[in-house]
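What's in entry.cif: mmCIF, C-alpha atoms
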```cif
data_structure
loop_
_atom_site.label_atom_id
_atom_site.label_comp_id
_atom_site.auth_asym_id
_atom_site.auth_seq_id
_atom_site.Cartn_x
_atom_site.Cartn_y
_atom_site.Cartn_z
CA MET A 1 6.73 -12.01 -24.61
CA LEU A 2 3.06 -11.14 -24.70
CA SER A 3 2.31 -7.60 -25.68
CA THR A 4 -0.85 -5.87 -26.80
CA PRO A 5 -0.17 -6.06 -30.57
CA ALA A 6 -0.37 -9.87 -30.21
CA VAL A 7 -3.52 -9.54 -28.14
CA ALA A 8 -5.03 -7.23 -30.72
CA GLY A 9 -5.17 -10.14 -33.10
CA VAL A 10 -7.73 -11.83 -30.88
CA THR A 11 -10.00 -8.90 -29.95
CA ALA A 12 -9.90 -5.14 -30.38
CA ASP A 13 -7.15 -4.51 -27.82
CA PRO A 14 -8.79 -5.49 -24.51
CA LEU A 15 -5.89 -3.85 -22.66
CA ALA A 16 -6.60 -0.39 -24.10
CA ARG A 17 -8.06 0.78 -20.79
CA LEU A 18 -5.00 -0.48 -18.90
CA ARG A 19 -2.77 1.46 -21.30
CA MET A 20 -4.79 4.63 -20.82
CA VAL A 21 -4.93 4.33 -17.02
CA SER A 22 -1.21 3.52 -16.94
CA SER A 23 -0.43 6.78 -18.79
CA VAL A 24 -2.37 8.68 -16.11
CA MET A 25 -0.59 6.72 -13.35
CA VAL A 26 2.82 7.67 -14.79
CA ILE A 27 1.91 11.34 -14.32
CA ALA A 28 0.45 10.69 -10.83
CA VAL A 29 3.62 8.90 -9.72
CA ILE A 30 5.92 11.63 -11.07
CA ALA A 31 3.78 14.28 -9.33
CA GLY A 32 3.96 12.26 -6.11
CA MET A 33 7.74 11.91 -6.31
CA ILE A 34 8.19 15.65 -6.84
CA ALA A 35 5.71 16.44 -4.03
CA LEU A 36 7.45 14.05 -1.64
CA VAL A 37 10.89 15.57 -2.15
CA THR A 38 9.53 19.14 -2.09
CA LEU A 39 7.58 18.48 1.12
CA ILE A 40 10.55 16.97 2.94
CA VAL A 41 12.94 19.74 1.84
CA VAL A 42 10.48 22.51 2.67
CA VAL A 43 9.56 21.03 6.07
CA PHE A 44 13.05 20.15 7.24
CA LEU A 45 15.40 22.53 5.49
CA ILE A 46 13.42 25.78 5.29
CA PRO A 47 12.84 26.80 8.94
CA ALA A 48 10.50 29.69 8.10
CA VAL A 49 7.91 27.26 6.72
CA ALA A 50 8.41 24.29 9.06
CA PRO A 51 6.51 25.27 12.25
CA ALA A 52 3.21 25.72 10.40
CA ALA A 53 3.54 23.19 7.62
CA ILE A 54 5.20 20.27 9.32
CA VAL A 55 3.58 16.99 8.30
CA PRO A 56 1.09 15.33 10.70
CA LYS A 57 3.32 12.27 11.08
CA VAL A 58 6.17 14.40 12.36
CA MET A 59 4.30 16.53 14.88
CA PRO A 60 2.35 13.74 16.64
CA PHE A 61 5.34 13.45 18.91
CA GLY A 62 3.86 16.37 20.78
CA LEU A 63 7.06 18.40 20.59
CA THR A 64 6.51 22.07 21.18
CA GLU A 65 9.70 23.29 19.54
CA ILE A 66 12.03 21.83 16.97
CA THR A 67 15.48 23.40 16.91
CA PRO A 68 17.46 23.84 13.65
CA ARG A 69 19.87 21.12 14.79
CA ALA A 70 16.98 18.73 15.48
CA ARG A 71 15.42 19.57 12.12
CA LEU A 72 18.65 18.79 10.27
CA LEU A 73 19.03 15.51 12.17
CA GLY A 74 15.42 14.64 11.36
CA PHE A 75 16.12 15.26 7.69
CA LEU A 76 19.16 12.96 7.82
CA VAL A 77 17.08 10.21 9.50
CA LEU A 78 14.44 10.51 6.78
CA CYS A 79 16.95 10.38 3.90
CA VAL A 80 17.17 6.57 3.93
CA PRO A 81 13.42 5.75 3.86
CA ILE A 82 12.73 8.59 1.42
CA GLY A 83 15.45 7.21 -0.86
CA LEU A 84 13.77 3.80 -0.65
CA TYR A 85 10.32 5.29 -1.37
CA LEU A 86 11.71 7.18 -4.37
CA TYR A 87 13.33 4.00 -5.67
CA GLY A 88 10.01 2.11 -5.29
CA LEU A 89 8.02 4.93 -6.88
CA ASN A 90 10.47 5.13 -9.78
CA GLU A 91 10.01 1.39 -10.37
CA VAL A 92 6.21 1.93 -10.27
CA ARG A 93 6.59 4.75 -12.82
CA ARG A 94 8.68 2.55 -15.11
CA LEU A 95 6.20 -0.32 -14.76
CA PHE A 96 3.27 1.89 -15.73
CA ARG A 97 5.30 3.33 -18.62
CA GLN A 98 5.85 -0.22 -19.88
CA TYR A 99 2.14 -1.00 -19.51
CA SER A 100 1.19 2.21 -21.33
CA ALA A 101 3.54 1.19 -24.17
CA GLY A 102 1.72 -2.15 -24.43
CA GLU A 103 4.47 -4.26 -22.80
CA VAL A 104 2.26 -6.18 -20.43
CA LEU A 105 3.32 -9.77 -19.83
CA THR A 106 7.09 -9.39 -20.10
CA LEU A 107 9.98 -10.50 -17.92
CA GLY A 108 10.91 -6.84 -17.42
CA ALA A 109 7.44 -5.98 -16.07
CA ALA A 110 7.46 -9.04 -13.78
CA SER A 111 10.93 -8.11 -12.44
CA ARG A 112 9.72 -4.59 -11.76
CA LEU A 113 6.75 -5.98 -9.80
CA LYS A 114 9.20 -7.96 -7.67
CA ARG A 115 11.40 -4.90 -7.09
CA ILE A 116 8.34 -2.86 -6.06
CA ALA A 117 7.38 -5.71 -3.73
CA TRP A 118 10.81 -5.72 -2.05
CA ALA A 119 10.68 -1.92 -1.70
CA ALA A 120 7.23 -2.21 -0.02
CA ILE A 121 8.48 -4.95 2.33
CA ALA A 122 11.63 -3.01 3.22
CA GLY A 123 9.59 0.20 3.69
CA ALA A 124 7.15 -1.51 6.07
CA ILE A 125 10.00 -3.04 8.11
CA MET A 126 11.91 0.26 8.22
CA ARG A 127 9.00 2.44 9.27
CA PRO A 128 8.91 1.69 13.05
CA PRO A 129 12.68 2.25 13.58
CA THR A 130 12.49 5.33 11.34
CA MET A 131 9.69 6.84 13.47
CA ARG A 132 11.70 6.10 16.60
CA GLY A 133 14.85 7.61 15.07
CA LEU A 134 12.91 10.64 13.88
CA PHE A 135 11.52 11.17 17.37
CA PHE A 136 14.98 10.99 18.95
CA ALA A 137 16.37 13.33 16.29
CA LEU A 138 13.60 15.91 16.66
CA SER A 139 13.61 15.77 20.47
CA ILE A 140 17.39 15.95 20.84
CA ASP A 141 17.09 19.30 22.60
CA GLN A 142 14.07 18.19 24.71
CA PRO A 143 15.32 15.31 26.89
CA ASP A 144 11.99 15.14 28.78
CA ALA A 145 9.94 14.42 25.65
CA GLU A 146 8.07 11.13 25.67
CA LEU A 147 7.33 8.99 22.58
CA ARG A 148 3.57 8.35 22.54
CA LEU A 149 3.16 6.78 19.11
CA PRO A 150 2.53 3.02 18.73
CA ILE A 151 5.60 1.04 17.66
CA VAL A 152 3.79 -0.89 14.94
CA THR A 153 0.61 0.30 13.25
CA THR A 154 -1.96 -1.58 11.17
CA ALA A 155 -0.64 0.38 8.16
CA ASP A 156 2.77 -1.32 8.63
CA LEU A 157 1.13 -4.75 8.74
CA THR A 158 -0.98 -4.12 5.65
CA PHE A 159 1.96 -2.68 3.67
CA LEU A 160 4.00 -5.75 4.62
CA LEU A 161 1.17 -7.91 3.33
CA PHE A 162 0.98 -5.88 0.07
CA GLY A 163 4.68 -6.48 -0.40
CA PHE A 164 4.44 -10.27 -0.03
CA LEU A 165 1.34 -10.33 -2.23
CA LEU A 166 3.12 -8.42 -5.01
CA LEU A 167 6.15 -10.67 -4.63
CA ALA A 168 4.01 -13.79 -5.16
CA ILE A 169 2.31 -12.22 -8.20
CA GLY A 170 5.58 -10.97 -9.70
CA TRP A 171 7.17 -14.37 -9.21
CA ALA A 172 4.21 -16.21 -10.79
CA MET A 173 4.23 -13.80 -13.72
CA SER A 174 7.95 -14.12 -14.38
CA GLU A 175 7.60 -17.93 -14.40
CA ALA A 176 4.61 -17.74 -16.75
CA VAL A 177 6.35 -15.32 -19.13
CA ARG A 178 9.43 -17.55 -19.20
CA ILE A 179 7.29 -20.54 -20.15
CA ALA A 180 5.34 -18.57 -22.76
CA GLU A 181 8.66 -17.38 -24.23
CA GLU A 182 10.07 -20.94 -24.31
CA HIS A 183 6.94 -22.21 -26.07
CA ARG A 184 7.10 -19.37 -28.57
CA GLN A 185 10.73 -20.18 -29.44
CA PHE A 186 9.96 -23.88 -29.66
CA VAL A 187 7.02 -23.32 -32.06
CA MET B 1 -1.89 -18.02 -31.21
CA PRO B 2 0.86 -20.43 -30.17
CA GLY B 3 3.05 -20.02 -27.14
CA VAL B 4 0.56 -18.79 -24.55
CA GLU B 5 0.25 -21.84 -22.31
CA LEU B 6 0.47 -20.25 -18.87
CA SER B 7 0.76 -23.22 -16.56
CA LEU B 8 3.84 -23.49 -14.38
CA PRO B 9 6.22 -26.47 -14.39
CA LEU B 10 5.82 -28.83 -11.41
CA SER B 11 8.76 -27.52 -9.35
CA ALA B 12 7.75 -23.88 -9.81
CA ALA B 13 4.08 -24.70 -9.21
CA SER B 14 4.83 -26.57 -5.98
CA ARG B 15 7.06 -23.74 -4.75
CA LEU B 16 4.33 -21.21 -5.49
CA ALA B 17 1.73 -23.48 -3.85
CA ARG B 18 3.89 -23.62 -0.71
CA LEU B 19 4.33 -19.83 -0.72
CA ALA B 20 0.58 -19.39 -1.27
CA ARG B 21 -0.26 -21.67 1.66
CA VAL B 22 2.09 -19.66 3.90
CA MET B 23 0.48 -16.45 2.62
CA GLU B 24 -2.98 -17.83 3.36
CA VAL B 25 -1.93 -18.31 6.99
CA VAL B 26 -0.18 -14.90 7.10
CA THR B 27 -3.29 -13.20 5.71
CA THR B 28 -5.54 -14.97 8.23
CA VAL B 29 -3.24 -13.96 11.10
CA GLY B 30 -3.09 -10.41 9.67
CA ILE B 31 -6.90 -10.15 9.59
CA ALA B 32 -7.16 -11.42 13.18
CA LEU B 33 -4.39 -9.07 14.37
CA ILE B 34 -5.96 -6.03 12.73
CA VAL B 35 -9.38 -6.75 14.25
CA ILE B 36 -7.96 -7.47 17.72
CA LEU B 37 -5.56 -4.50 17.75
CA VAL B 38 -8.21 -2.02 16.61
CA ALA B 39 -10.78 -3.38 19.08
CA VAL B 40 -8.29 -3.19 21.97
CA ALA B 41 -7.12 0.26 20.88
CA LEU B 42 -10.67 1.55 21.17
CA VAL B 43 -11.04 0.23 24.71
CA ILE B 44 -7.71 1.40 26.18
CA PRO B 45 -7.71 5.23 26.32
CA ASP B 46 -3.92 5.51 25.83
CA TRP B 47 -4.14 3.48 22.65
CA THR B 48 -7.10 5.55 21.40
CA ARG B 49 -4.93 8.60 22.00
CA ALA B 50 -2.15 6.96 19.98
CA ILE B 51 -4.55 6.46 17.04
CA ALA B 52 -5.65 10.09 17.36
CA LEU B 53 -2.02 11.21 17.29
CA ALA B 54 -1.21 9.01 14.31
CA LYS B 55 -4.29 10.12 12.36
CA LEU B 56 -4.57 13.78 13.34
CA GLY B 57 -1.10 14.82 14.41
CA GLN B 58 -0.83 17.70 16.84
CA ALA B 59 -4.63 18.14 16.87
CA GLY B 60 -5.02 14.65 18.37
CA ILE B 61 -3.28 15.66 21.62
CA ALA B 62 -6.01 17.98 22.86
CA LEU B 63 -9.05 15.81 22.04
CA PRO B 64 -10.79 14.27 25.08
CA ILE B 65 -11.01 10.47 25.26
CA THR B 66 -14.46 9.62 26.63
CA PRO B 67 -16.42 6.31 26.45
CA LEU B 68 -18.99 7.92 24.09
CA GLY B 69 -16.23 9.34 21.88
CA GLN B 70 -14.44 5.99 21.80
CA ALA B 71 -17.67 4.19 20.83
CA VAL B 72 -18.47 6.60 17.99
CA ALA B 73 -14.82 6.63 16.88
CA GLY B 74 -15.03 2.83 16.76
CA LEU B 75 -17.96 3.07 14.36
CA VAL B 76 -16.02 5.52 12.18
CA LEU B 77 -12.91 3.30 12.12
CA ALA B 78 -15.07 0.26 11.32
CA ILE B 79 -15.60 1.60 7.77
CA PRO B 80 -11.99 1.63 6.47
CA ILE B 81 -11.08 -1.41 8.57
CA GLY B 82 -14.15 -3.28 7.26
CA VAL B 83 -13.23 -2.40 3.66
CA MET B 84 -9.64 -3.53 4.28
CA ILE B 85 -10.77 -6.81 5.84
CA CYS B 86 -13.06 -7.51 2.85
CA GLY B 87 -9.98 -6.97 0.67
CA LEU B 88 -7.82 -9.23 2.81
CA PHE B 89 -10.43 -11.99 2.59
CA ALA B 90 -10.31 -11.61 -1.20
CA ALA B 91 -6.49 -11.84 -1.04
CA ARG B 92 -6.83 -14.97 1.09
CA ARG B 93 -9.16 -16.53 -1.48
CA MET B 94 -6.65 -15.64 -4.19
CA PHE B 95 -3.85 -17.40 -2.30
CA SER B 96 -6.15 -20.37 -1.85
CA GLU B 97 -6.57 -20.48 -5.66
CA PHE B 98 -2.78 -20.24 -6.05
CA SER B 99 -2.24 -23.09 -3.57
CA HIS B 100 -4.54 -25.27 -5.70
CA GLY B 101 -2.51 -24.50 -8.80
CA GLU B 102 -5.01 -21.96 -10.19
CA ILE B 103 -2.60 -19.11 -10.88
CA PHE B 104 -3.73 -17.50 -14.11
CA SER B 105 -7.42 -18.17 -13.59
CA GLU B 106 -10.25 -15.70 -14.02
CA ARG B 107 -11.30 -16.23 -10.39
CA ALA B 108 -7.82 -15.57 -8.93
CA ALA B 109 -7.55 -12.38 -10.99
CA ARG B 110 -11.01 -11.27 -9.85
CA HIS B 111 -10.04 -11.77 -6.19
CA LEU B 112 -6.91 -9.71 -6.77
CA GLN B 113 -8.98 -6.97 -8.42
CA THR B 114 -11.28 -6.89 -5.38
CA PHE B 115 -8.27 -6.61 -3.08
CA ALA B 116 -6.77 -3.86 -5.27
CA ALA B 117 -10.05 -1.92 -5.21
CA THR B 118 -10.14 -2.04 -1.40
CA VAL B 119 -6.53 -0.81 -1.22
CA LEU B 120 -7.35 2.03 -3.66
CA ALA B 121 -10.37 2.94 -1.51
CA GLN B 122 -8.07 3.48 1.50
CA GLY B 123 -6.69 6.59 -0.29
CA PRO B 124 -9.87 8.72 -0.10
CA LEU B 125 -11.04 6.94 3.07
CA GLY B 126 -7.92 8.08 4.97
CA PRO B 127 -8.73 11.81 5.25
CA LEU B 128 -12.48 11.10 5.62
CA THR B 129 -11.80 8.71 8.50
CA ALA B 130 -9.49 11.25 10.15
CA ALA B 131 -12.26 13.86 9.92
CA GLY B 132 -14.88 11.46 11.33
CA PHE B 133 -12.50 10.30 14.06
CA SER B 134 -11.81 13.88 15.20
CA ALA B 135 -15.54 14.70 15.18
CA ALA B 136 -16.30 11.55 17.21
CA LEU B 137 -13.67 12.26 19.88
CA SER B 138 -14.61 15.93 20.12
CA LEU B 139 -18.10 14.83 21.23
CA GLY B 140 -16.48 14.85 24.68
CA ASN B 141 -16.00 18.63 24.39
CA PRO B 142 -18.77 21.04 25.45
CA PRO B 143 -20.91 22.48 22.61
CA GLY B 144 -19.06 25.21 20.76
CA GLN B 145 -15.69 23.53 21.26
CA ARG B 146 -16.31 20.55 19.00
CA ALA B 147 -14.06 20.35 15.97
CA LEU B 148 -13.59 18.63 12.65
CA THR B 149 -9.97 18.07 11.60
CA ILE B 150 -8.93 17.04 8.11
CA ALA B 151 -5.52 15.36 7.89
CA PHE B 152 -3.69 13.89 4.93
CA SER B 153 -1.00 11.27 5.33
CA ILE B 154 1.62 9.96 2.96
CA ASN B 155 -0.01 6.54 3.56
CA ASP B 156 -3.11 7.77 1.68
CA TYR B 157 -0.97 8.50 -1.38
CA PHE B 158 0.86 5.17 -1.06
CA ALA B 159 -2.51 3.37 -0.85
CA LEU B 160 -3.48 4.92 -4.20
CA ILE B 161 -0.18 3.92 -5.81
CA VAL B 162 -0.06 0.38 -4.37
CA GLY B 163 -3.75 -0.11 -5.21
CA GLY B 164 -3.06 1.09 -8.75
CA VAL B 165 -0.15 -1.35 -9.17
CA LEU B 166 -2.24 -4.24 -7.81
CA PHE B 167 -5.18 -3.33 -10.03
CA ALA B 168 -2.93 -3.19 -13.10
CA ALA B 169 -1.37 -6.56 -12.17
CA ALA B 170 -4.88 -8.02 -11.73
CA THR B 171 -5.91 -6.72 -15.16
CA VAL B 172 -2.83 -8.33 -16.72
CA MET B 173 -3.56 -11.61 -14.89
CA ARG B 174 -7.17 -11.52 -16.08
CA GLU B 175 -6.04 -11.02 -19.67
CA ALA B 176 -3.48 -13.83 -19.30
CA ALA B 177 -6.23 -16.10 -17.95
CA ARG B 178 -8.48 -15.22 -20.88
CA LEU B 179 -5.70 -15.93 -23.38
CA ALA B 180 -4.81 -19.21 -21.67
CA ASP B 181 -8.48 -20.26 -21.80
CA GLU B 182 -8.74 -19.32 -25.45
CA HIS B 183 -5.58 -21.22 -26.23
CA LYS B 184 -6.88 -24.27 -24.36
CA GLY B 185 -10.16 -24.04 -26.29
CA PHE B 186 -8.28 -23.69 -29.57
CA VAL B 187 -6.07 -26.73 -28.91
#
```
Using structure tokens, write down the structure that the file contains.
Amino acid sequence: MLSTPAVAGVTADPLARLRMVSSVMVIAVIAGMIALVTLIVVVFLIPAVAPAAIVPKVMPFGLTEITPRARLLGFLVLCVPIGLYLYGLNEVRRLFRQYSAGEVLTLGAASRLKRIAWAAIAGAIMRPPTMRGLFFALSIDQPDAELRLPIVTTADLTFLLFGFLLLAIGWAMSEAVRIAEEHRQFV
Amino acid sequence: MPGVELSLPLSAASRLARLARVMEVVTTVGIALIVILVAVALVIPDWTRAIALAKLGQAGIALPITPLGQAVAGLVLAIPIGVMICGLFAARRMFSEFSHGEIFSERAARHLQTFAATVLAQGPLGPLTAAGFSAALSLGNPPGQRALTIAFSINDYFALIVGGVLFAAATVMREAARLADEHKGFV
């Protein structure tokens, strides 16, 4: 395992900035997780707020009215991807917490990178069917409504690419840490 | 400092090299797809409308799609897309390094840092692009009815988080490369 105390022996902790930024990122991720859940609950489960505050990705469908039944169905459709996003964000939070504690090149950190990668890949794959499902849920009481959003966006493609990129990095890191650990035990 | 020899064993290295070669192709195809899709979307009015809906939500429905608006909107979109393509080229160079067995090298880490920076930049660029896009399309409206719409998407937040994770991973890789070099020099 390579952690910053070992690195500190070589120079004056070159990962100090990473540790500091990671502490800030932990807070940013927690704030994002809370905001995400609050936004979804407020938009879908509190009807008095929903018509004005509904998120841009929900209203592009061009629906003029969203009934309480449609709103509840929409919430149920979103539960799965939101659960996945929260899982991914929680892994990101734990990764940054490890980095801020100085655990940098460890098997745990590499495994977390791989889990984040899988969450990003799954999220990118799930997004088009989720948008379709959300449209059908929200337009359940408007049979004439027409879906005008593109099926796949460039954001889906780039997030898919991020996922595979992270997977390759996480995999390379876990292999490298394993070798470093073996060498350390051998010496 | 013993135990920090970060080269992969042959089987792991060849597997990673294979994965990297596949990713090089995937990244190249991704770059081509993004360029083609965006270019086509700015020529076909229905697709331009779809981008407007995706970026601006409800506000995108009413905006006129005119040739002048499409041309200016194309210039606006060229900024985030250009930044993203620069990043994807950096990612492609990184995979090329990986495929040649250069995993924990200073150059591979630098390419990853460039890619991470371009992903991070998508966060603030998202709302700015949406504003510019709405202003460009509203050029088709008579004076006095032109509008500037600011829209935030969850993708902007995810870009910040994913960019942060990639940047942290790049910093770790850079440090690992430095340590491996030092170790090599020491031996």
(request) Excluding range 155-168 of chain B and any residue of its chain fewer than 5 positions from it, enumerate the residues within 10 Å of it, using only C-alpha atoms, and give them as a PyMOL selection string. (result) (chain A and resi 18-19+21-22+25+28-29+32+85+89+92-93+95-96+99+104+113+116-117+120+155-156+159+162-163+165-166+169) or (chain B and resi 109-110+112-127+173-174)
Export C-alpha atoms of the chosen residues as an mmCIF file, keeping the file's coordinate frame?
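Result written to result-v6.cif:
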```cif
data_model
loop_
_atom_site.group_PDB
_atom_site.id
_atom_site.type_symbol
_atom_site.label_atom_id
_atom_site.label_comp_id
_atom_site.auth_asym_id
_atom_site.auth_seq_id
_atom_site.Cartn_x
_atom_site.Cartn_y
_atom_site.Cartn_z
ATOM 1 C CA LEU A 18 -5.000 -0.480 -18.900
ATOM 2 C CA ARG A 19 -2.770 1.460 -21.300
ATOM 3 C CA VAL A 21 -4.930 4.330 -17.020
ATOM 4 C CA SER A 22 -1.210 3.520 -16.940
ATOM 5 C CA MET A 25 -0.590 6.720 -13.350
ATOM 6 C CA ALA A 28 0.450 10.690 -10.830
ATOM 7 C CA VAL A 29 3.620 8.900 -9.720
ATOM 8 C CA GLY A 32 3.960 12.260 -6.110
ATOM 9 C CA TYR A 85 10.320 5.290 -1.370
ATOM 10 C CA LEU A 89 8.020 4.930 -6.880
ATOM 11 C CA VAL A 92 6.210 1.930 -10.270
ATOM 12 C CA ARG A 93 6.590 4.750 -12.820
ATOM 13 C CA LEU A 95 6.200 -0.320 -14.760
ATOM 14 C CA PHE A 96 3.270 1.890 -15.730
ATOM 15 C CA TYR A 99 2.140 -1.000 -19.510
ATOM 16 C CA VAL A 104 2.260 -6.180 -20.430
ATOM 17 C CA LEU A 113 6.750 -5.980 -9.800
ATOM 18 C CA ILE A 116 8.340 -2.860 -6.060
ATOM 19 C CA ALA A 117 7.380 -5.710 -3.730
ATOM 20 C CA ALA A 120 7.230 -2.210 -0.020
ATOM 21 C CA ALA A 155 -0.640 0.380 8.160
ATOM 22 C CA ASP A 156 2.770 -1.320 8.630
ATOM 23 C CA PHE A 159 1.960 -2.680 3.670
ATOM 24 C CA PHE A 162 0.980 -5.880 0.070
ATOM 25 C CA GLY A 163 4.680 -6.480 -0.400
ATOM 26 C CA LEU A 165 1.340 -10.330 -2.230
ATOM 27 C CA LEU A 166 3.120 -8.420 -5.010
ATOM 28 C CA ILE A 169 2.310 -12.220 -8.200
ATOM 29 C CA ALA B 109 -7.550 -12.380 -10.990
ATOM 30 C CA ARG B 110 -11.010 -11.270 -9.850
ATOM 31 C CA LEU B 112 -6.910 -9.710 -6.770
ATOM 32 C CA GLN B 113 -8.980 -6.970 -8.420
ATOM 33 C CA THR B 114 -11.280 -6.890 -5.380
ATOM 34 C CA PHE B 115 -8.270 -6.610 -3.080
ATOM 35 C CA ALA B 116 -6.770 -3.860 -5.270
ATOM 36 C CA ALA B 117 -10.050 -1.920 -5.210
ATOM 37 C CA THR B 118 -10.140 -2.040 -1.400
ATOM 38 C CA VAL B 119 -6.530 -0.810 -1.220
ATOM 39 C CA LEU B 120 -7.350 2.030 -3.660
ATOM 40 C CA ALA B 121 -10.370 2.940 -1.510
ATOM 41 C CA GLN B 122 -8.070 3.480 1.500
ATOM 42 C CA GLY B 123 -6.690 6.590 -0.290
ATOM 43 C CA PRO B 124 -9.870 8.720 -0.100
ATOM 44 C CA LEU B 125 -11.040 6.940 3.070
ATOM 45 C CA GLY B 126 -7.920 8.080 4.970
ATOM 46 C CA PRO B 127 -8.730 11.810 5.250
ATOM 47 C CA MET B 173 -3.560 -11.610 -14.890
ATOM 48 C CA ARG B 174 -7.170 -11.520 -16.080
#
```
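Comparing the minimum interatomic distances between Ala176 in chain B and each of A:Val41, A:Thr106, A:Asp144, A:Ser139, counting all atoms listed in the file, we find that A:Thr106 sits nearest.
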(request) Could you tell me which residues the PyMOL selection byres ((chain A and resi 66-70) around 7) returns for this structure, as a PyMOL selection string? (result) chain A and resi 64-65+71-74+137-140
(request) Using only C-alpha atoms, find the one residue out of B:Ile31, B:Ala73, B:Ile51, B:Leu137 that sits nearest to Cys86 in chain B. (result) B:Ile31
(request) Could you list the residues chosen by the PyMOL selection byres ((chain A and resi 105) around 10) in this structure as JSON, numbers by chain? (result) {"A": [1, 2, 3, 4, 98, 99, 102, 103, 104, 106, 107, 108, 109, 110, 173, 174, 176, 177, 178, 180], "B": [169, 172, 173, 175, 176]}
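Nearest-residue note for Leu53 in chain B: choosing from B:Ala151, B:Val29, B:Ala71, B:Arg21, the minimum distance belongs to B:Ala151, counting all atoms listed in the file.
Across the model, the gap from CA of Pro67 in chain B to CA of Ala50 in chain B is 15.7 Å.
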(request) Name all residues at most 10 Å from Ile125 in chain A (count all atoms listed in the file; drop same-chain ones fewer than 4 positions away) and give them as a PyMOL selection string. (result) chain A and resi 119-121+129-130+152+156-157+159-160
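For the choices B:Thr66, B:Thr149, B:Thr27, B:Ser138, the atom-to-atom distance to chain A is smallest for B:Thr27 when using only C-alpha atoms.
CA of Ile65 in chain B is found 7.0 Å from CA of Gly140 in chain B.
We find CA of Ser99 in chain B and CA of Leu16 in chain B to be spaced 7.1 Å apart.
Comparing the minimum interatomic distances between chain B and each of A:Lys114, A:Ala31, A:Leu15, A:Leu86, counting all atoms listed in the file, we find that A:Leu15 sits nearest.
Candidate residues A:Arg115, A:Leu167, A:Pro128, A:Leu134 were compared for distance to Asn90 in chain A, and the nearest is A:Arg115, using only C-alpha atoms.
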